[in-house]
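S.K.: Take this structure first; my questions come after.
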Amino acid sequence: MARDSMTRRDFMRVGAGAAAIGSAAKVTILDSARTMASPRPVPPSDRLRFASIGTGVRGCEDLATALRAPGVEMVAVSDLYDGRLIAAQEHAGKKLDTTKDYRRILDRKDIDFVIVGTMDHWHAKIVEDACAAGKDVYCEKPMTHKVPEGFSIIEAAEKYGRMIQVGSQRRSGVVFAKAREIYESGALGQVTAIEAWMDRNDPSGAWVYPIPPDANEKTIDWERFLGDAPKISFNAKRFFRWRGYSDYGEGLPGDLYVHLLTGIYTITGFQAPPQKAVAGGGLYRWKDGRDEPDIIWTLYTFPGMTVSVRCNLNNASQGGGTRVYGTKGTLDIRNEDSVTFIPEDTRPQPERYSVDGWPKQLREEYWAKWNQEHPAPPLSSLTAIEESQTFRAPDNYDEDLAHMENFLNAVRTRKPCDEGPVFGNWTAIACHMANYSYFNKAEAVWDEKARSIRT
Ligand SMILES: NC(=O)c1ccc[n+]([C@@H]2O[C@H](COP(=O)([O-])OP(=O)(O)OC[C@H]3O[C@@H](n4cnc5c(N)ncnc54)[C@H](O)[C@@H]3O)[C@@H](O)[C@H]2O)c1
């Protein structure tokens with residue numbers, strides 16, 4: 001092969017290929033101790049007593065997670081459906097004080113913290129009442145249903161000196177901690193784009209959950225469920241499949257975007273809501289009365305960067321992922337399980353495309369000069385080419401437990417949680433901006449001064 005027809009890049013690729021044949025891609029298992037406090041004995045004086053408010057699917061998972069941590073005891077539960085009061089006690093493995101009126105729980109002086117796992121339209125009211133009653137709070141994501149709620153939660157936490165952890169567990173995840181470390185090291189160069197997605201393709205993924213046969217107005221406190229939502233007559237579908245209705249949830253942004261955005265904020269260290277959002281999508285398939293779309297795609301503007309987030313309930317081939325694109329490398333994150341750093345080939349290259357149109361003599365002079373200024377590297381240096389590296393969470397790693405432990409530590413030490421209400425507010429506002437743009441068919445702009453979204 002003539003030297004001219006083999007650029008330095010070609011030369012290095014041969015080397016990279018040769019190196020790749022001899023060695024498998026490098027995989028490192030991450031140390032879970034990075035983000036997870038290890039089990040330790042807790043003195044009786046440090047025991048924490050808690051109650052759960054809202055013990056559906058997630059509320060029961062949360063209470064079980066809290067009970068895995070040392071020195072924690074569950075004493076009470078509030079839910080609006082009889083079946084869930086029973087399920088909570090089954091998960092706790094003991095009889096609990098039960099009520100459909102959460103305020104009775106907040107009156108108890110022996111409770112240190114509450115876990116709030118209700119539908120989203122109840123989060124703010126319960127969190128604020130809990131703060132006023134002197135309880136710390138683990139509140140499920142998204143923190144809010146409406147924009148003003150975020151600021152009143154922050155105020156309540158400050159006024160009553162309470163710890164609040166918002167339940168987007170990626171914030172405590174070992175994979176996202178590693179991604180942040182790589183991002184902060186500068187190895188990615190200038191990052192100007194991030195994309196993230198989470199896709200599903202089955203009834204459960206589209207929230208078409210079965211309705212328990214005993215669901216009726218006697219077993220469910222329907223009036224209380226509605227709260228400040230529009231008054232309508234009993235509708236079990238809305239109670240159990242609430243995510244599809246903007247009266248109680250925020251559809252895909254509130255359900256899934258918030259996880260993706262929590263990961264993105266954790267990596268980048270963004271300190272504010274997005275500047276702008278443009279969303280599009282539609283309700284194409286799951287037309288069961290819901291008003292939320294089954295696909296929504298949003299382009300966010302952040303300082304110096306464009307972020308695209310997508311959730312699709314009609315095709316799951318791409319699963320879930322986050323990619324961070326920089327001038328020197330890419331981070332490829334698969335769900336919460338692994339992060340791969342892929343270096344860009346940034347070695348100097350001779351200009352080929354435009355020079356090919358030059359006269360022969362000028363072209364040859366250009367190549368000769370370029371080759372003189374960029375001598376081919378010695379063969380021995382070819383093995384030094386940077387390879388992709390993958391970092392995986394250990395098999396037994398539990399992000400939920402890491403996030404709960406982080407909260408319990410804050411309750412005991414009064415040092416702030418990893419995902420306090422200020423952070424929870426940023427990602428919740430980002431979700432609200434996506435819905436605002438989608439429903440208003442307009443660009444959503446965050447107005448920091450007015451603390452509101454406008455067109
Ligand atoms: N972090 C995660 O990975 C994750 C996963 C799933 C759900 N979530 C969040 O958890 C929350 C609950 O989701 P879910 O799937 O468990 O919903 P769910 O419908 O299974 O459970 C919600 C429960 O809240 C109860 N409830 C509502 N208002 C109440 C009130 N005023 N007082 C007491 N109980 C009340 C309902 O009776 C219901 O049983 C949502 O905010 C959701 O976004 C988070």
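The chains in the structure tokens are called A, B, ... from first to last as shown; in each chain the residues are counted from 1, and the ligands are counted from 1 in the order shown.
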Throw together the list of residues within 7 Å of ligand 1, counting only C-alpha atoms and all ligand atoms, and drop it here as a ChimeraX atom specification.
M.R.: /A:53-59,78-81,84,100-102,117-120,122,140-142,167-169,224-225,239-240,242,254-255
S.K.: For Trp222 in chain A, find every residue with an atom within 12 Å (counting only C-alpha atoms), except residues of its own chain fewer than 5 positions away, and show them as a PyMOL selection string.
M.R.: chain A and resi 79-82+100+215-217+227+229+231-240
S.K.: Counting only C-alpha atoms, which residues in range 244-302 of chain A sit no more than 9 Å from range 308-332 of chain A? For each one, give the nearest pair of atoms and the distance in Å, sorted by chain then residue number, as a tab-separated table.
M.R.:
```
residue	atom	partner	partner_atom	distance
A:Leu252	CA	A:Cys311	CA	6.6
A:Pro253	CA	A:Cys311	CA	8.0
A:Leu256	CA	A:Cys311	CA	7.3
A:Tyr257	CA	A:Val309	CA	7.1
A:Leu260	CA	A:Thr322	CA	7.5
A:Leu261	CA	A:Val309	CA	8.2
A:Gly263	CA	A:Thr322	CA	8.3
A:Ile264	CA	A:Thr322	CA	8.0
A:Tyr284	CA	A:Asn314	CA	8.7
A:Arg285	CA	A:Asn314	CA	7.5
A:Trp286	CA	A:Leu313	CA	8.6
A:Asp294	CA	A:Leu313	CA	5.3
A:Ile295	CA	A:Asn312	CA	4.3
A:Ile296	CA	A:Cys311	CA	5.7
A:Trp297	CA	A:Arg310	CA	4.3
A:Thr298	CA	A:Val309	CA	5.3
A:Leu299	CA	A:Ser308	CA	4.5
A:Tyr300	CA	A:Ser308	CA	6.1
A:Thr301	CA	A:Ser308	CA	8.9
```
S.K.: Keeping only N, CA, C and O atoms, write the selected residues to a file as a tab-separated table (two decimals), in the first residue's frame.
M.R.:
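The result, written out as result_37.tsv:
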```
chain	number	residue	atom	x	y	z
A	252	LEU	N	-46.15	9.87	30.67
A	252	LEU	CA	-44.77	9.37	30.52
A	252	LEU	C	-43.72	10.30	31.14
A	252	LEU	O	-42.77	9.80	31.76
A	253	PRO	N	-43.84	11.62	31.01
A	253	PRO	CA	-42.82	12.45	31.67
A	253	PRO	C	-42.75	12.20	33.18
A	253	PRO	O	-41.67	12.01	33.73
A	256	LEU	N	-41.62	8.21	33.63
A	256	LEU	CA	-40.31	7.72	33.18
A	256	LEU	C	-39.28	8.80	32.88
A	256	LEU	O	-38.09	8.61	33.13
A	257	TYR	N	-39.71	9.92	32.30
A	257	TYR	CA	-38.73	10.99	32.03
A	257	TYR	C	-37.94	11.33	33.29
A	257	TYR	O	-36.75	11.61	33.24
A	260	LEU	N	-34.90	9.38	33.72
A	260	LEU	CA	-33.88	9.73	32.72
A	260	LEU	C	-33.24	11.07	33.06
A	260	LEU	O	-32.02	11.23	33.00
A	261	LEU	N	-34.09	12.03	33.43
A	261	LEU	CA	-33.58	13.37	33.74
A	261	LEU	C	-32.75	13.36	35.02
A	261	LEU	O	-31.74	14.07	35.13
A	263	GLY	N	-30.86	10.97	35.99
A	263	GLY	CA	-29.54	10.48	35.57
A	263	GLY	C	-28.75	11.58	34.88
A	263	GLY	O	-27.57	11.78	35.16
A	264	ILE	N	-29.41	12.31	34.00
A	264	ILE	CA	-28.72	13.37	33.24
A	264	ILE	C	-28.25	14.49	34.17
A	264	ILE	O	-27.12	14.98	34.08
A	284	TYR	N	-51.56	7.07	20.08
A	284	TYR	CA	-51.80	6.34	18.84
A	284	TYR	C	-52.44	4.98	19.08
A	284	TYR	O	-53.10	4.44	18.21
A	285	ARG	N	-52.21	4.39	20.24
A	285	ARG	CA	-52.56	2.98	20.40
A	285	ARG	C	-53.42	2.68	21.63
A	285	ARG	O	-54.43	2.02	21.54
A	286	TRP	N	-53.01	3.19	22.80
A	286	TRP	CA	-53.68	2.80	24.05
A	286	TRP	C	-54.83	3.77	24.31
A	286	TRP	O	-54.85	4.48	25.31
A	294	ASP	N	-49.05	8.16	24.22
A	294	ASP	CA	-48.28	6.91	24.41
A	294	ASP	C	-46.90	7.00	23.77
A	294	ASP	O	-46.13	6.05	23.83
A	295	ILE	N	-46.62	8.12	23.15
A	295	ILE	CA	-45.22	8.43	22.77
A	295	ILE	C	-45.02	9.92	22.93
A	295	ILE	O	-45.88	10.71	22.54
A	296	ILE	N	-43.94	10.28	23.57
A	296	ILE	CA	-43.62	11.71	23.71
A	296	ILE	C	-42.11	11.88	23.64
A	296	ILE	O	-41.35	11.17	24.29
A	297	TRP	N	-41.74	12.82	22.79
A	297	TRP	CA	-40.34	13.08	22.46
A	297	TRP	C	-40.10	14.55	22.76
A	297	TRP	O	-40.86	15.41	22.30
A	298	THR	N	-39.07	14.85	23.52
A	298	THR	CA	-38.84	16.25	23.93
A	298	THR	C	-37.40	16.66	23.69
A	298	THR	O	-36.48	15.91	24.02
A	299	LEU	N	-37.25	17.85	23.14
A	299	LEU	CA	-35.93	18.44	22.93
A	299	LEU	C	-35.77	19.57	23.93
A	299	LEU	O	-36.51	20.55	23.87
A	300	TYR	N	-34.84	19.39	24.88
A	300	TYR	CA	-34.62	20.41	25.92
A	300	TYR	C	-33.38	21.23	25.57
A	300	TYR	O	-32.39	20.69	25.05
A	301	THR	N	-33.42	22.50	25.91
A	301	THR	CA	-32.23	23.35	25.81
A	301	THR	C	-31.68	23.58	27.21
A	301	THR	O	-32.41	24.06	28.10
```
S.K.: If you run DSSP over the backbone, which residues in range 256-403 of chain A end up strand (DSSP E or B)? Put them as a PyMOL selection string.
M.R.: chain A and resi 276-282+295-302+305-312+320-326+329-334+338-343+389-392
S.K.: Residues of range 257-376 of chain A that have any atom at most 7 Å from an atom of range 428-445 of chain A: could you tabulate them with the shortest-distance atom pair and the distance in Å to one decimal, using only C-alpha atoms, ordered by chain and increasing number, as a tab-separated table?
M.R.:
```
residue	atom	partner	partner_atom	distance
A:Tyr257	CA	A:Cys431	CA	6.6
A:Val258	CA	A:Cys431	CA	6.6
A:Pro273	CA	A:Ala430	CA	5.9
A:Pro274	CA	A:Ala430	CA	6.2
A:Gln275	CA	A:Val445	CA	6.0
A:Lys276	CA	A:Val445	CA	4.5
A:Ala277	CA	A:Ala444	CA	5.1
A:Val278	CA	A:Glu443	CA	4.8
A:Ala279	CA	A:Tyr438	CA	5.1
A:Gly280	CA	A:Tyr438	CA	5.6
A:Thr298	CA	A:Ala434	CA	6.2
```
S.K.: Quick one: residues within 8 Å of Thr266 in chain A, only C-alpha atoms, excluding same-chain residues fewer than 5 positions away - as a PyMOL selection string?
M.R.: chain A and resi 171+176-177+180
S.K.: Restrict the selected residues to N, CA, C and O atoms and save them as an mmCIF file, in the first residue's frame.
M.R.:
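Saved result, result.cif, follows:
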```
data_model
loop_
_atom_site.group_PDB
_atom_site.id
_atom_site.type_symbol
_atom_site.label_atom_id
_atom_site.label_comp_id
_atom_site.auth_asym_id
_atom_site.auth_seq_id
_atom_site.Cartn_x
_atom_site.Cartn_y
_atom_site.Cartn_z
ATOM 1 N N ARG A 171 -30.218 8.714 41.324
ATOM 2 C CA ARG A 171 -29.404 9.735 41.983
ATOM 3 C C ARG A 171 -28.350 9.095 42.894
ATOM 4 O O ARG A 171 -27.294 9.670 43.132
ATOM 5 N N PHE A 176 -24.369 5.708 37.662
ATOM 6 C CA PHE A 176 -24.433 7.146 37.373
ATOM 7 C C PHE A 176 -23.325 7.913 38.101
ATOM 8 O O PHE A 176 -22.840 8.928 37.597
ATOM 9 N N ALA A 177 -22.906 7.398 39.259
ATOM 10 C CA ALA A 177 -21.765 8.024 39.945
ATOM 11 C C ALA A 177 -20.504 7.881 39.081
ATOM 12 O O ALA A 177 -19.704 8.807 38.960
ATOM 13 N N ARG A 180 -20.733 10.201 36.113
ATOM 14 C CA ARG A 180 -20.431 11.589 36.522
ATOM 15 C C ARG A 180 -18.914 11.790 36.640
ATOM 16 O O ARG A 180 -18.368 12.795 36.206
#
```
S.K.: Can you tell me, as a PyMOL selection string, which residues in range 219-411 of chain A count as helix (DSSP H, G or I) by DSSP?
M.R.: chain A and resi 222-226+236-240+242-244+251-268+355-357+360-373+379-384+399-411
S.K.: Taking C-alpha atoms for each residue, export the selection above as a PDB file, in the first residue's frame.
M.R.:
```pdb
ATOM      1  CA  TRP A 222     -62.924   7.763  46.276  1.00  0.00           C
ATOM      2  CA  GLU A 223     -63.705  11.288  47.552  1.00  0.00           C
ATOM      3  CA  ARG A 224     -60.356  11.504  49.287  1.00  0.00           C
ATOM      4  CA  PHE A 225     -58.543  10.085  46.238  1.00  0.00           C
ATOM      5  CA  LEU A 226     -59.891  12.941  44.090  1.00  0.00           C
ATOM      6  CA  ALA A 236     -61.957   2.152  39.277  1.00  0.00           C
ATOM      7  CA  LYS A 237     -60.057   2.487  36.012  1.00  0.00           C
ATOM      8  CA  ARG A 238     -58.941   5.972  36.915  1.00  0.00           C
ATOM      9  CA  PHE A 239     -57.953   4.862  40.427  1.00  0.00           C
ATOM     10  CA  PHE A 240     -55.792   1.930  39.343  1.00  0.00           C
ATOM     11  CA  TRP A 242     -54.131   6.870  37.095  1.00  0.00           C
ATOM     12  CA  ARG A 243     -50.885   7.502  35.195  1.00  0.00           C
ATOM     13  CA  GLY A 244     -52.775   7.996  31.923  1.00  0.00           C
ATOM     14  CA  GLY A 251     -48.128  10.460  31.915  1.00  0.00           C
ATOM     15  CA  LEU A 252     -44.772   9.371  30.520  1.00  0.00           C
ATOM     16  CA  PRO A 253     -42.821  12.451  31.668  1.00  0.00           C
ATOM     17  CA  GLY A 254     -43.889  11.987  35.303  1.00  0.00           C
ATOM     18  CA  ASP A 255     -43.516   8.233  35.180  1.00  0.00           C
ATOM     19  CA  LEU A 256     -40.308   7.717  33.177  1.00  0.00           C
ATOM     20  CA  TYR A 257     -38.728  10.990  32.029  1.00  0.00           C
ATOM     21  CA  VAL A 258     -37.993  11.854  35.629  1.00  0.00           C
ATOM     22  CA  HIS A 259     -35.678   8.826  35.948  1.00  0.00           C
ATOM     23  CA  LEU A 260     -33.876   9.726  32.722  1.00  0.00           C
ATOM     24  CA  LEU A 261     -33.577  13.365  33.740  1.00  0.00           C
ATOM     25  CA  THR A 262     -32.347  12.450  37.219  1.00  0.00           C
ATOM     26  CA  GLY A 263     -29.544  10.479  35.566  1.00  0.00           C
ATOM     27  CA  ILE A 264     -28.721  13.370  33.241  1.00  0.00           C
ATOM     28  CA  TYR A 265     -28.715  15.944  36.060  1.00  0.00           C
ATOM     29  CA  THR A 266     -26.547  13.625  38.147  1.00  0.00           C
ATOM     30  CA  ILE A 267     -23.946  13.285  35.374  1.00  0.00           C
ATOM     31  CA  THR A 268     -23.851  16.915  34.283  1.00  0.00           C
ATOM     32  CA  VAL A 355      -8.012  18.356  -1.411  1.00  0.00           C
ATOM     33  CA  ASP A 356      -9.189  15.632  -3.809  1.00  0.00           C
ATOM     34  CA  GLY A 357     -10.504  18.443  -5.994  1.00  0.00           C
ATOM     35  CA  LYS A 360      -2.376  16.852  -8.952  1.00  0.00           C
ATOM     36  CA  GLN A 361       0.712  18.918  -8.204  1.00  0.00           C
ATOM     37  CA  LEU A 362      -0.881  20.923  -5.374  1.00  0.00           C
ATOM     38  CA  ARG A 363      -2.444  17.766  -3.972  1.00  0.00           C
ATOM     39  CA  GLU A 364       0.882  15.949  -3.896  1.00  0.00           C
ATOM     40  CA  GLU A 365       2.602  18.912  -2.279  1.00  0.00           C
ATOM     41  CA  TYR A 366      -0.118  19.060   0.360  1.00  0.00           C
ATOM     42  CA  TRP A 367       0.252  15.339   1.155  1.00  0.00           C
ATOM     43  CA  ALA A 368       4.041  15.529   1.234  1.00  0.00           C
ATOM     44  CA  LYS A 369       3.924  18.477   3.640  1.00  0.00           C
ATOM     45  CA  TRP A 370       1.304  16.785   5.791  1.00  0.00           C
ATOM     46  CA  ASN A 371       3.284  13.541   5.981  1.00  0.00           C
ATOM     47  CA  GLN A 372       6.419  15.452   6.885  1.00  0.00           C
ATOM     48  CA  GLU A 373       4.606  17.241   9.692  1.00  0.00           C
ATOM     49  CA  LEU A 379       4.593   0.218  15.363  1.00  0.00           C
ATOM     50  CA  SER A 380       5.290  -0.263  19.085  1.00  0.00           C
ATOM     51  CA  SER A 381       3.003   2.693  19.931  1.00  0.00           C
ATOM     52  CA  LEU A 382      -0.015   1.146  18.231  1.00  0.00           C
ATOM     53  CA  THR A 383      -0.946  -0.858  21.307  1.00  0.00           C
ATOM     54  CA  ALA A 384      -1.363   2.386  23.244  1.00  0.00           C
ATOM     55  CA  GLU A 399     -29.989   1.246  43.822  1.00  0.00           C
ATOM     56  CA  ASP A 400     -33.242   1.523  45.794  1.00  0.00           C
ATOM     57  CA  LEU A 401     -31.482   0.476  48.983  1.00  0.00           C
ATOM     58  CA  ALA A 402     -28.592   2.858  48.330  1.00  0.00           C
ATOM     59  CA  HIS A 403     -31.084   5.712  47.900  1.00  0.00           C
ATOM     60  CA  MET A 404     -33.042   4.766  51.026  1.00  0.00           C
ATOM     61  CA  GLU A 405     -29.819   4.406  53.048  1.00  0.00           C
ATOM     62  CA  ASN A 406     -28.788   7.865  51.911  1.00  0.00           C
ATOM     63  CA  PHE A 407     -32.106   9.208  53.266  1.00  0.00           C
ATOM     64  CA  LEU A 408     -31.849   7.324  56.577  1.00  0.00           C
ATOM     65  CA  ASN A 409     -28.358   8.653  57.033  1.00  0.00           C
ATOM     66  CA  ALA A 410     -29.677  12.202  56.525  1.00  0.00           C
ATOM     67  CA  VAL A 411     -32.446  11.598  59.064  1.00  0.00           C
TER      68      VAL A 411
END
```
S.K.: Would you mind telling me which residue in A:Lys135, A:Lys26, A:Arg290, A:Arg334 lies nearest to Tyr160 in chain A when using only C-alpha atoms?
M.R.: A:Lys135
S.K.: For Ala33 in chain A, which residue among A:Gly289, A:Gly249, A:Gly173, A:Pro350 is the nearest when counting only C-alpha atoms?
M.R.: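 Checking each candidate against Ala33 in chain A, we get A:Gly173 as the closest.
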